[in-house]
$ cat structure09.csv   # CSV, C-alpha atoms
chain,number,residue,atom,x,y,z
B,1031,MET,CA,152.4,42.7,87.4
B,1032,ALA,CA,155.4,43.1,89.6
B,1033,SER,CA,157.4,46.1,88.4
B,1034,ASN,CA,159.8,48.7,89.5
B,1035,GLY,CA,161.6,51.7,88.3
B,1036,SER,CA,164.5,49.8,86.7
B,1037,ASP,CA,162.4,48.2,83.9
B,1038,VAL,CA,161.7,51.6,82.2
B,1039,ARG,CA,162.6,51.1,78.6
B,1040,PRO,CA,164.6,53.6,76.7
B,1041,ALA,CA,162.6,56.1,74.6
B,1042,ALA,CA,163.8,54.4,71.4
B,1043,ALA,CA,162.1,51.2,72.4
B,1044,ARG,CA,158.7,52.9,72.4
B,1045,THR,CA,156.5,53.2,69.4
B,1046,PRO,CA,155.6,56.9,69.2
B,1047,LEU,CA,152.3,58.3,68.0
B,1048,ARG,CA,152.1,60.3,64.9
B,1049,ALA,CA,152.9,64.0,65.3
B,1050,THR,CA,149.4,64.8,64.0
B,1051,ALA,CA,147.7,62.8,66.8
B,1052,ASP,CA,145.4,65.2,68.7
B,1053,ASN,CA,142.4,63.3,69.9
B,1054,ALA,CA,142.4,60.2,72.1
B,1055,LEU,CA,139.4,58.0,72.9
B,1056,LYS,CA,138.9,55.4,75.6
B,1057,ILE,CA,137.3,52.0,75.7
B,1058,VAL,CA,137.5,50.0,78.9
B,1059,VAL,CA,137.6,46.2,79.2
B,1060,VAL,CA,136.4,45.1,82.6
B,1061,GLY,CA,136.6,41.7,84.1
B,1062,GLY,CA,137.7,39.5,87.0
B,1063,PHE,CA,141.2,38.4,87.6
B,1064,GLY,CA,142.6,36.0,85.0
B,1065,VAL,CA,139.6,36.4,82.6
B,1066,GLY,CA,141.9,37.5,79.7
B,1067,LYS,CA,141.6,41.4,79.8
B,1068,THR,CA,145.3,41.9,79.1
B,1069,THR,CA,145.2,39.2,76.4
B,1070,LEU,CA,142.3,41.0,74.7
B,1071,VAL,CA,144.0,44.4,75.0
B,1072,GLY,CA,147.3,42.9,73.7
B,1073,SER,CA,145.7,41.1,70.8
B,1074,VAL,CA,144.5,44.3,69.2
B,1075,SER,CA,147.0,46.8,70.5
B,1076,GLU,CA,149.8,48.2,68.4
B,1077,ILE,CA,152.0,48.4,71.5
B,1078,ARG,CA,152.8,45.7,74.0
B,1079,PRO,CA,150.3,46.3,76.8
B,1080,LEU,CA,151.7,48.6,79.5
B,1081,ASN,CA,150.8,48.6,83.1
B,1082,THR,CA,150.3,51.6,85.4
B,1083,GLU,CA,148.5,52.5,88.5
B,1084,GLU,CA,146.5,55.1,90.3
B,1085,VAL,CA,146.6,56.1,93.9
B,1086,MET,CA,143.3,56.1,95.9
B,1087,THR,CA,143.1,57.9,99.2
B,1088,ARG,CA,141.2,56.0,101.8
B,1089,ALA,CA,139.8,59.3,102.9
B,1090,GLY,CA,137.6,59.0,99.9
B,1091,GLU,CA,137.4,62.5,98.5
B,1092,GLY,CA,141.1,63.0,98.2
B,1093,ILE,CA,141.1,65.9,100.7
B,1094,ASP,CA,144.1,64.7,102.5
B,1095,PRO,CA,146.8,67.2,101.8
B,1096,ALA,CA,149.6,65.7,103.8
B,1097,GLY,CA,148.9,62.0,103.7
B,1098,SER,CA,147.9,61.1,100.2
B,1099,TRP,CA,151.1,59.3,99.5
B,1100,GLY,CA,151.2,57.8,102.9
B,1101,LYS,CA,149.6,54.9,104.7
B,1102,ARG,CA,146.1,56.0,104.1
B,1103,SER,CA,146.3,55.5,100.4
B,1104,THR,CA,146.1,52.3,98.3
B,1105,THR,CA,146.9,51.7,94.7
B,1106,VAL,CA,144.9,50.2,91.9
B,1107,ALA,CA,146.8,48.8,88.8
B,1108,PHE,CA,145.5,48.6,85.3
B,1109,ASP,CA,146.8,47.7,81.8
B,1110,PHE,CA,146.4,49.5,78.6
B,1111,GLY,CA,147.2,49.3,74.9
B,1112,ARG,CA,146.4,51.6,72.0
B,1113,ILE,CA,145.2,51.6,68.4
B,1114,THR,CA,145.9,54.4,65.9
B,1115,LEU,CA,142.6,55.0,64.1
B,1116,SER,CA,143.6,57.8,61.8
B,1117,GLU,CA,146.1,60.7,61.3
B,1118,ARG,CA,144.5,62.4,64.3
B,1119,GLN,CA,142.6,59.8,66.3
B,1120,VAL,CA,144.0,57.2,68.6
B,1121,LEU,CA,142.0,54.7,70.7
B,1122,TYR,CA,143.3,53.7,74.1
B,1123,LEU,CA,142.1,50.3,75.5
B,1124,PHE,CA,142.1,49.8,79.2
B,1125,GLY,CA,142.0,46.5,81.0
B,1126,ALA,CA,140.4,47.2,84.4
B,1127,PRO,CA,139.9,44.8,87.3
B,1128,GLY,CA,136.3,44.6,88.3
B,1129,GLN,CA,137.1,44.5,92.0
B,1130,GLU,CA,135.2,46.6,94.4
B,1131,ARG,CA,137.8,49.2,95.3
B,1132,PHE,CA,138.4,49.9,91.7
B,1133,TRP,CA,135.0,51.5,91.2
B,1134,PHE,CA,136.0,54.4,93.5
B,1135,LEU,CA,138.4,55.4,90.8
B,1136,TRP,CA,136.1,54.8,87.8
B,1137,ASP,CA,135.0,58.4,87.4
B,1138,ARG,CA,138.5,59.8,87.8
B,1139,LEU,CA,140.0,57.4,85.3
B,1140,PHE,CA,137.3,56.5,82.8
B,1141,SER,CA,134.8,59.4,82.6
B,1142,GLY,CA,134.5,60.1,78.9
B,1143,ALA,CA,135.0,56.5,77.9
B,1144,LEU,CA,133.1,55.6,74.7
B,1145,GLY,CA,131.9,52.5,76.4
B,1146,ALA,CA,133.0,49.2,78.0
B,1147,VAL,CA,133.3,45.5,77.3
B,1148,VAL,CA,132.7,43.2,80.2
B,1149,LEU,CA,134.8,40.1,79.6
B,1150,VAL,CA,133.4,37.0,81.3
B,1151,ASP,CA,134.6,33.5,82.0
B,1152,THR,CA,131.7,31.1,82.4
B,1153,ARG,CA,133.6,29.3,85.1
B,1154,ARG,CA,133.4,32.4,87.3
B,1155,LEU,CA,130.3,34.3,86.2
B,1156,GLU,CA,129.8,35.7,89.6
B,1157,ASP,CA,132.9,37.9,89.1
B,1158,SER,CA,131.0,39.7,86.4
B,1159,TRP,CA,127.8,40.5,88.3
B,1160,TYR,CA,129.4,43.3,90.2
B,1161,ALA,CA,131.0,44.9,87.1
B,1162,ILE,CA,127.7,44.8,85.2
B,1163,ASP,CA,125.9,46.4,88.2
B,1164,ARG,CA,128.5,49.1,88.5
B,1165,LEU,CA,128.5,50.0,84.8
B,1166,GLU,CA,124.8,50.3,84.9
B,1167,HIS,CA,125.1,52.5,87.9
B,1168,HIS,CA,127.6,54.8,86.2
B,1169,GLY,CA,125.5,54.9,83.1
B,1170,THR,CA,128.4,53.6,80.9
B,1171,PRO,CA,127.1,51.7,77.8
B,1172,PHE,CA,128.6,48.2,77.5
B,1173,ILE,CA,128.4,44.9,75.8
B,1174,VAL,CA,129.4,41.5,77.3
B,1175,ALA,CA,131.9,39.2,75.7
B,1176,ARG,CA,132.4,35.6,76.7
B,1177,ASN,CA,136.0,34.6,76.4
B,1178,ASN,CA,135.8,31.2,74.9
B,1179,PHE,CA,138.9,29.1,75.3
B,1180,GLY,CA,137.5,26.0,73.8
B,1181,ASP,CA,134.3,24.0,73.4
B,1182,PRO,CA,131.8,26.0,75.4
B,1183,THR,CA,129.8,24.1,78.0
B,1184,HIS,CA,127.1,26.7,78.0
B,1185,THR,CA,125.1,28.4,75.2
B,1186,LEU,CA,125.1,32.2,75.1
B,1187,GLU,CA,121.4,32.0,76.1
B,1188,GLN,CA,122.4,30.2,79.3
B,1189,VAL,CA,125.1,32.7,80.0
B,1190,ARG,CA,122.6,35.6,79.5
B,1191,GLU,CA,120.2,34.0,81.9
B,1192,ALA,CA,122.9,33.3,84.5
B,1193,LEU,CA,124.0,36.9,84.2
B,1194,ASP,CA,120.4,38.2,84.3
B,1195,LEU,CA,121.4,40.3,81.4
B,1196,PRO,CA,118.6,42.3,79.6
B,1197,ASP,CA,118.1,41.6,75.9
B,1198,SER,CA,119.1,45.2,75.2
B,1199,VAL,CA,122.7,44.4,76.1
B,1200,PRO,CA,124.6,42.5,73.4
B,1201,LEU,CA,126.3,39.2,74.4
B,1202,VAL,CA,129.0,37.9,72.1
B,1203,ASP,CA,131.6,35.1,72.0
B,1204,CYS,CA,135.3,35.9,71.5
B,1205,ASP,CA,138.7,34.4,71.7
B,1206,ALA,CA,140.8,37.0,73.5
B,1207,ARG,CA,144.0,35.6,72.0
B,1208,ASP,CA,142.9,36.2,68.5
B,1209,ARG,CA,143.4,39.6,66.9
B,1210,GLU,CA,140.4,39.3,64.5
B,1211,SER,CA,138.2,38.2,67.3
B,1212,GLY,CA,139.3,41.0,69.6
B,1213,LYS,CA,138.7,43.5,66.8
B,1214,ARG,CA,135.2,42.0,66.2
B,1215,VAL,CA,134.3,42.6,69.9
B,1216,LEU,CA,135.3,46.3,69.6
B,1217,ILE,CA,133.4,46.7,66.4
B,1218,ASP,CA,130.4,45.0,68.1
B,1219,LEU,CA,130.6,47.6,70.9
B,1220,ILE,CA,130.7,50.5,68.5
B,1221,HIS,CA,127.7,49.1,66.6
B,1222,HIS,CA,125.9,48.9,70.0
B,1223,LEU,CA,126.8,52.5,70.8
B,1224,THR,CA,125.7,53.6,67.4
B,1225,ASP,CA,122.3,51.9,67.9
B,1226,LEU,CA,121.9,53.6,71.3
B,1227,ALA,CA,122.9,57.0,69.9
B,1228,GLU,CA,120.5,56.7,67.0
B,1229,ALA,CA,117.6,55.6,69.2
B,1230,GLU,CA,118.3,58.6,71.4
B,1231,LEU,CA,118.3,60.9,68.4
B,1232,ALA,CA,115.0,59.4,67.2
B,1233,ALA,CA,113.5,59.8,70.6
B,1234,ALA,CA,114.7,63.4,70.8
B,1235,ALA,CA,113.5,64.3,67.2
B,1236,PRO,CA,109.7,64.7,67.8
B,1237,SER,CA,110.3,67.3,70.6
B,1238,MET,CA,112.8,69.1,68.5
B,1239,TYR,CA,110.2,69.2,65.8
B,1240,GLU,CA,107.6,70.6,68.1
B,1241,GLU,CA,109.9,73.3,69.3
B,1242,SER,CA,110.8,74.4,65.8
B,1243,THR,CA,107.2,74.6,64.7
B,1244,ALA,CA,105.8,76.1,67.9
S,855,MET,CA,169.3,67.0,90.7
S,856,ASN,CA,169.7,63.9,88.6
S,857,ALA,CA,168.4,60.8,90.2
S,858,GLY,CA,171.4,58.8,89.0
S,859,PRO,CA,170.9,55.1,88.4
S,860,VAL,CA,168.1,54.8,90.9
S,861,LEU,CA,164.8,55.8,89.2
S,862,PRO,CA,161.7,56.6,91.1
S,863,GLY,CA,159.2,53.8,90.9
S,864,ARG,CA,155.9,52.7,92.1
S,865,ASP,CA,157.5,50.5,94.7
S,866,ASP,CA,159.1,53.6,96.3
S,867,ASP,CA,158.1,54.5,99.7
S,868,PRO,CA,155.7,57.4,100.2
S,869,ASP,CA,158.5,59.8,101.2
S,870,ARG,CA,160.0,59.5,97.8
S,871,LEU,CA,156.7,60.3,96.0
S,872,TYR,CA,156.4,63.2,98.4
S,873,THR,CA,159.8,64.5,97.4
S,874,ILE,CA,159.1,64.2,93.6
S,875,THR,CA,155.9,66.2,93.9
S,876,LYS,CA,157.4,68.6,96.5
S,877,GLY,CA,154.7,67.6,98.9
S,878,ARG,CA,151.7,68.2,96.6
S,879,SER,CA,149.2,65.4,96.4
S,880,ARG,CA,146.6,66.8,94.1
S,881,ALA,CA,146.9,67.9,90.5
S,882,PRO,CA,144.9,70.9,89.4
S,883,GLU,CA,141.4,69.5,89.1
S,884,ASN,CA,140.5,68.2,85.6
S,885,ALA,CA,143.7,69.6,84.1
S,886,PHE,CA,144.5,66.3,82.4
S,887,ASP,CA,142.5,63.3,81.3
S,888,LEU,CA,144.2,59.9,81.3
S,889,VAL,CA,144.4,60.2,77.5
S,890,THR,CA,145.3,63.8,77.2
S,891,LEU,CA,148.2,63.9,74.7
S,892,ILE,CA,151.3,65.8,75.9
S,893,VAL,CA,153.7,67.4,73.5
S,894,ALA,CA,157.1,68.9,74.5
S,895,GLU,CA,157.6,72.4,73.3
S,896,ARG,CA,161.2,72.8,74.3
S,897,GLN,CA,164.3,70.9,75.2
S,898,PRO,CA,165.2,70.1,78.8
S,899,THR,CA,167.4,72.7,80.5
S,900,PRO,CA,170.3,72.0,82.9
S,901,GLY,CA,169.2,71.8,86.5
S,902,MET,CA,165.7,70.6,85.6
S,903,GLN,CA,164.1,68.0,87.9
S,904,SER,CA,165.0,64.6,86.4
S,905,GLU,CA,161.4,63.5,86.0
S,906,HIS,CA,160.7,66.7,84.0
S,907,VAL,CA,163.7,65.9,81.8
S,908,ARG,CA,162.4,62.4,81.1
S,909,ILE,CA,158.9,63.7,80.3
S,910,LEU,CA,160.2,66.3,77.8
S,911,ARG,CA,162.3,63.6,76.0
S,912,MET,CA,159.4,61.2,75.9
S,913,CYS,CA,156.9,63.8,74.7
S,914,GLU,CA,158.9,64.8,71.6
S,915,ALA,CA,156.1,62.9,69.9
S,916,PRO,CA,152.6,63.2,71.4
S,917,THR,CA,152.3,60.9,74.4
S,918,ALA,CA,149.2,60.2,76.5
S,919,VAL,CA,149.3,60.9,80.2
S,920,VAL,CA,148.9,57.2,81.0
S,921,GLU,CA,151.8,56.3,78.8
S,922,VAL,CA,154.0,58.8,80.6
S,923,ALA,CA,152.9,57.3,83.9
S,924,ALA,CA,153.7,53.8,82.7
S,925,GLU,CA,157.1,54.8,81.4
S,926,LEU,CA,158.1,56.6,84.5
S,927,ALA,CA,156.5,53.9,86.7
S,928,LEU,CA,154.8,56.5,88.7
S,929,PRO,CA,151.2,56.7,89.8
S,930,VAL,CA,149.0,58.7,87.4
S,931,SER,CA,148.2,61.4,89.9
S,932,VAL,CA,151.9,62.0,90.6
S,933,VAL,CA,152.5,62.3,86.8
S,934,LYS,CA,149.6,64.8,86.5
S,935,ILE,CA,151.3,67.0,89.1
S,936,LEU,CA,154.6,66.9,87.2
S,937,LEU,CA,152.8,67.7,84.0
S,938,GLY,CA,151.0,70.6,85.6
S,939,ASP,CA,154.4,72.2,86.3
S,940,LEU,CA,155.5,71.7,82.7
S,941,LEU,CA,152.2,73.0,81.3
S,942,GLU,CA,152.4,76.1,83.5
S,943,SER,CA,155.9,77.0,82.4
S,944,GLY,CA,155.0,76.4,78.7
S,945,ALA,CA,157.4,73.5,78.4
S,946,VAL,CA,154.6,71.2,77.2
S,947,THR,CA,151.2,71.7,75.6
S,948,ALA,CA,148.2,69.4,76.1
S,949,ARG,CA,145.9,68.1,73.4
S,950,HIS,CA,142.7,67.2,75.3
S,951,PRO,CA,140.3,64.6,74.2
S,952,ARG,CA,137.5,66.2,72.2
S,953,PHE,CA,134.9,63.7,72.9
S,954,ALA,CA,132.8,64.6,75.9
S,955,PRO,CA,129.8,62.4,76.6
S,956,ASN,CA,126.4,64.0,76.6
S,957,LYS,CA,124.0,63.6,79.4
S,958,ALA,CA,123.1,60.0,78.5
S,959,ARG,CA,126.8,59.3,78.2
S,960,LEU,CA,126.6,58.4,74.5
S,961,PRO,CA,129.2,59.4,72.0
S,962,ASP,CA,128.1,61.4,68.9
S,963,LEU,CA,127.5,59.5,65.7
S,964,ASP,CA,130.4,61.2,63.8
S,965,THR,CA,132.9,60.0,66.4
S,966,LEU,CA,131.4,56.5,66.3
S,967,LYS,CA,131.6,56.4,62.5
S,968,GLN,CA,135.3,57.4,62.6
S,969,VAL,CA,136.1,54.8,65.3
S,970,LEU,CA,134.3,52.1,63.3
S,971,HIS,CA,136.2,53.0,60.1
S,972,GLY,CA,139.5,53.0,62.0
S,973,LEU,CA,138.8,49.6,63.5
S,974,GLN,CA,137.7,48.1,60.2
S,975,ARG,CA,140.9,49.1,58.6
S,976,LEU,CA,143.0,47.3,61.2

$ encode --input "structure09.csv" --output "C-alpha cells"
Amino acid sequence: MASNGSDVRPAAARTPLRATADNALKIVVVGGFGVGKTTLVGSVSEIRPLNTEEVMTRAGEGIDPAGSWGKRSTTVAFDFGRITLSERQVLYLFGAPGQERFWFLWDRLFSGALGAVVLVDTRRLEDSWYAIDRLEHHGTPFIVARNNFGDPTHTLEQVREALDLPDSVPLVDCDARDRESGKRVLIDLIHHLTDLAEAELAAAAPSMYEESTA
Amino acid sequence: MNAGPVLPGRDDDPDRLYTITKGRSRAPENAFDLVTLIVAERQPTPGMQSEHVRILRMCEAPTAVVEVAAELALPVSVVKILLGDLLESGAVTARHPRFAPNKARLPDLDTLKQVLHGLQRL
C-alpha cells in the first residue's frame, strides 16, 4: 500500500483502453482487511491492480474551503482493476475496505455502481456485518462470496446463518486467486441483478397496464 | 513550471496539494464520475502546469479519472480539480458513464445483458 510519487510508471508501461471506449461501469468488491479483495480484482483484471485514494474532510460536508487539504482531512485508499467488455464498454472493479470511515465516501465514489460483492473470510465474519448493513442502507444490490482458501470448516448454510443473510441475497463460494472463479462471482452478481430488475419490471407491469387502458 | 524530478505524490504535505490546485479544494459538483473517461483533445503547450502536461499525455487514449489519479499518485478530488481546468479550456473532453441507476438502484436489462456477454467472453 505504501506508495509515493516516484513509482509512477511511464505511459508506455500502461495498457491503454481502446479509442472507442466511451462507457465505463463500476462493480465494487467490499470486504475486511486481508480478505482477498485485491486478489479477486487482480485475478480478473486486464491491468495490474492500481491503488489510489480519496480525501475525506472531517467537517463532513466538505464545506471547508481553506482546510480541505489540511489537518482536518483524512484519506481512504482503495484498489481497482478493469475489464474491457466490448468496443465501447469497460468495467471497473473496485476493492473497497469495509471500515466505518469509508462509508462516508461511498456515495461520492460509488454512486452509479451496478452492484457489489461482499467478500467474506469465515474466520472473521464479523468484519462483514457492517458492510452488509451499509450496503442495505445505501440500497446497493449485492451478493456475498466466501473466499475459500482450502477445505471449508463451515457449510455455506452455516455462513448464511452466521451472517443473518436473507435468502434473497445469493451466497457463493470462490477462490479469489483463480481467474475463472473470480469471473464466476461477477457473473453470479450480474445474474442476481438481472433477477432483481426483472422482478421489478414484473411488479411495475400491472400498473402500467392499468394506466394504458384507463 | 516543471516539477523536475520530484513528482507530487500522495505523501506530500497539504501545502503541496494546495499549490497544485491553486488553493481550490472542491471540484465542480458532479463534473466527473470516478470512471468518466477523459480524452485529450490537444497537445500540451509550453508553460502548462506539469500535472496538466502529464494528464494530456496519459489521455491520448481514453483514461478513467481514477486511473489518472493512480498514475499521478494524487487524491481523486485533486485530480478532478485539475481535469476541470482542462475541460473548461477544451484541452480534454469527458465521456461520462451512461448508466444511471433508477430509483431502486437497479441497472437496466440491456446494460446487464451486455455486461454478462462481456464477462462470458473473458

$ atom_distance --input "structure09.csv" --atom1 "atom CA of B:Leu1223" --atom2 "atom CA of B:Leu1123"
16.2 Å

$ closest_atom_pairs --input "structure09.csv" --of "stretch 865-925 of chain S" --to "stretch 1054-1063 of chain B" --cutoff "8 Å" --atoms "all atoms listed in the file" --output "Markdown table"
| residue | atom | partner | partner_atom | distance |
| --- | --- | --- | --- | --- |
| S:Val889 | CA | B:Ala1054 | CA | 5.8 |
| S:Thr890 | CA | B:Ala1054 | CA | 6.9 |
| S:Leu891 | CA | B:Ala1054 | CA | 7.4 |

$ closest_residue --input "structure09.csv" --among "S:Asp939, S:Glu905, S:Glu895, S:Asp962" --to "chain B" --atoms "all atoms listed in the file"
S:Asp962

$ atom_distance --input "structure09.csv" --atom1 "atom CA of B:Cys1204" --atom2 "atom CA of B:Asn1178"
5.8 Å

$ residues_around --input "structure09.csv" --residues "B:Thr1105" --least-positions-apart "6" --cutoff "6 Å" --atoms "all atoms listed in the file" --output "count of residues only"
3

$ residues_around --input "structure09.csv" --residues "B:Val1150" --least-positions-apart "3" --cutoff "7 Å" --atoms "only C-alpha atoms" --output "NGL selection string"
:B and (1061 or 1065 or 1155 or 1158 or 1175-1177)

$ atom_distance --input "structure09.csv" --atom1 "atom CA of S:Ala948" --atom2 "atom CA of S:Ile892"
4.8 Å

$ residues_around --input "structure09.csv" --residues "B:Val1120" --least-positions-apart "2" --cutoff "7 Å" --atoms "all atoms listed in the file" --output "list in words"
Ala1051, Asn1053, Ala1054, Leu1055, Arg1112, Ile1113, Thr1114, Leu1115, Ser1116, Arg1118 and Tyr1122 of chain B

$ residues_around --input "structure09.csv" --residues "stretch 1066-1081 of chain B" --least-positions-apart "3" --cutoff "6 Å" --atoms "all atoms listed in the file" --output "list of chain:residue names"
B:Phe1108, B:Asp1109, B:Phe1110, B:Gly1111, B:Arg1112, B:Ile1113, B:Gly1125, B:Ala1206, B:Arg1207, B:Arg1209, B:Gly1212, S:Ala924

$ closest_residue --input "structure09.csv" --among "B:Phe1172, B:Tyr1160, B:Ala1233, B:Lys1213" --to "S:Arg975" --atoms "all atoms listed in the file"
B:Lys1213

$ residues_near_point --input "structure09.csv" --point "(138.4, 53.0, 88.5)" --cutoff "10 Å" --atoms "only C-alpha atoms" --output "PyMOL selection string"
chain B and resi 1084+1086+1106-1108+1126-1141

$ closest_residue --input "structure09.csv" --among "S:Ile909, S:Ala894, S:Leu936, S:Leu928" --to "B:Ala1049" --atoms "only C-alpha atoms"
S:Ala894

$ closest_residue --input "structure09.csv" --among "S:Gly901, S:Gly972, S:Gly877, S:Gly938" --to "chain B" --atoms "all atoms listed in the file"
S:Gly972
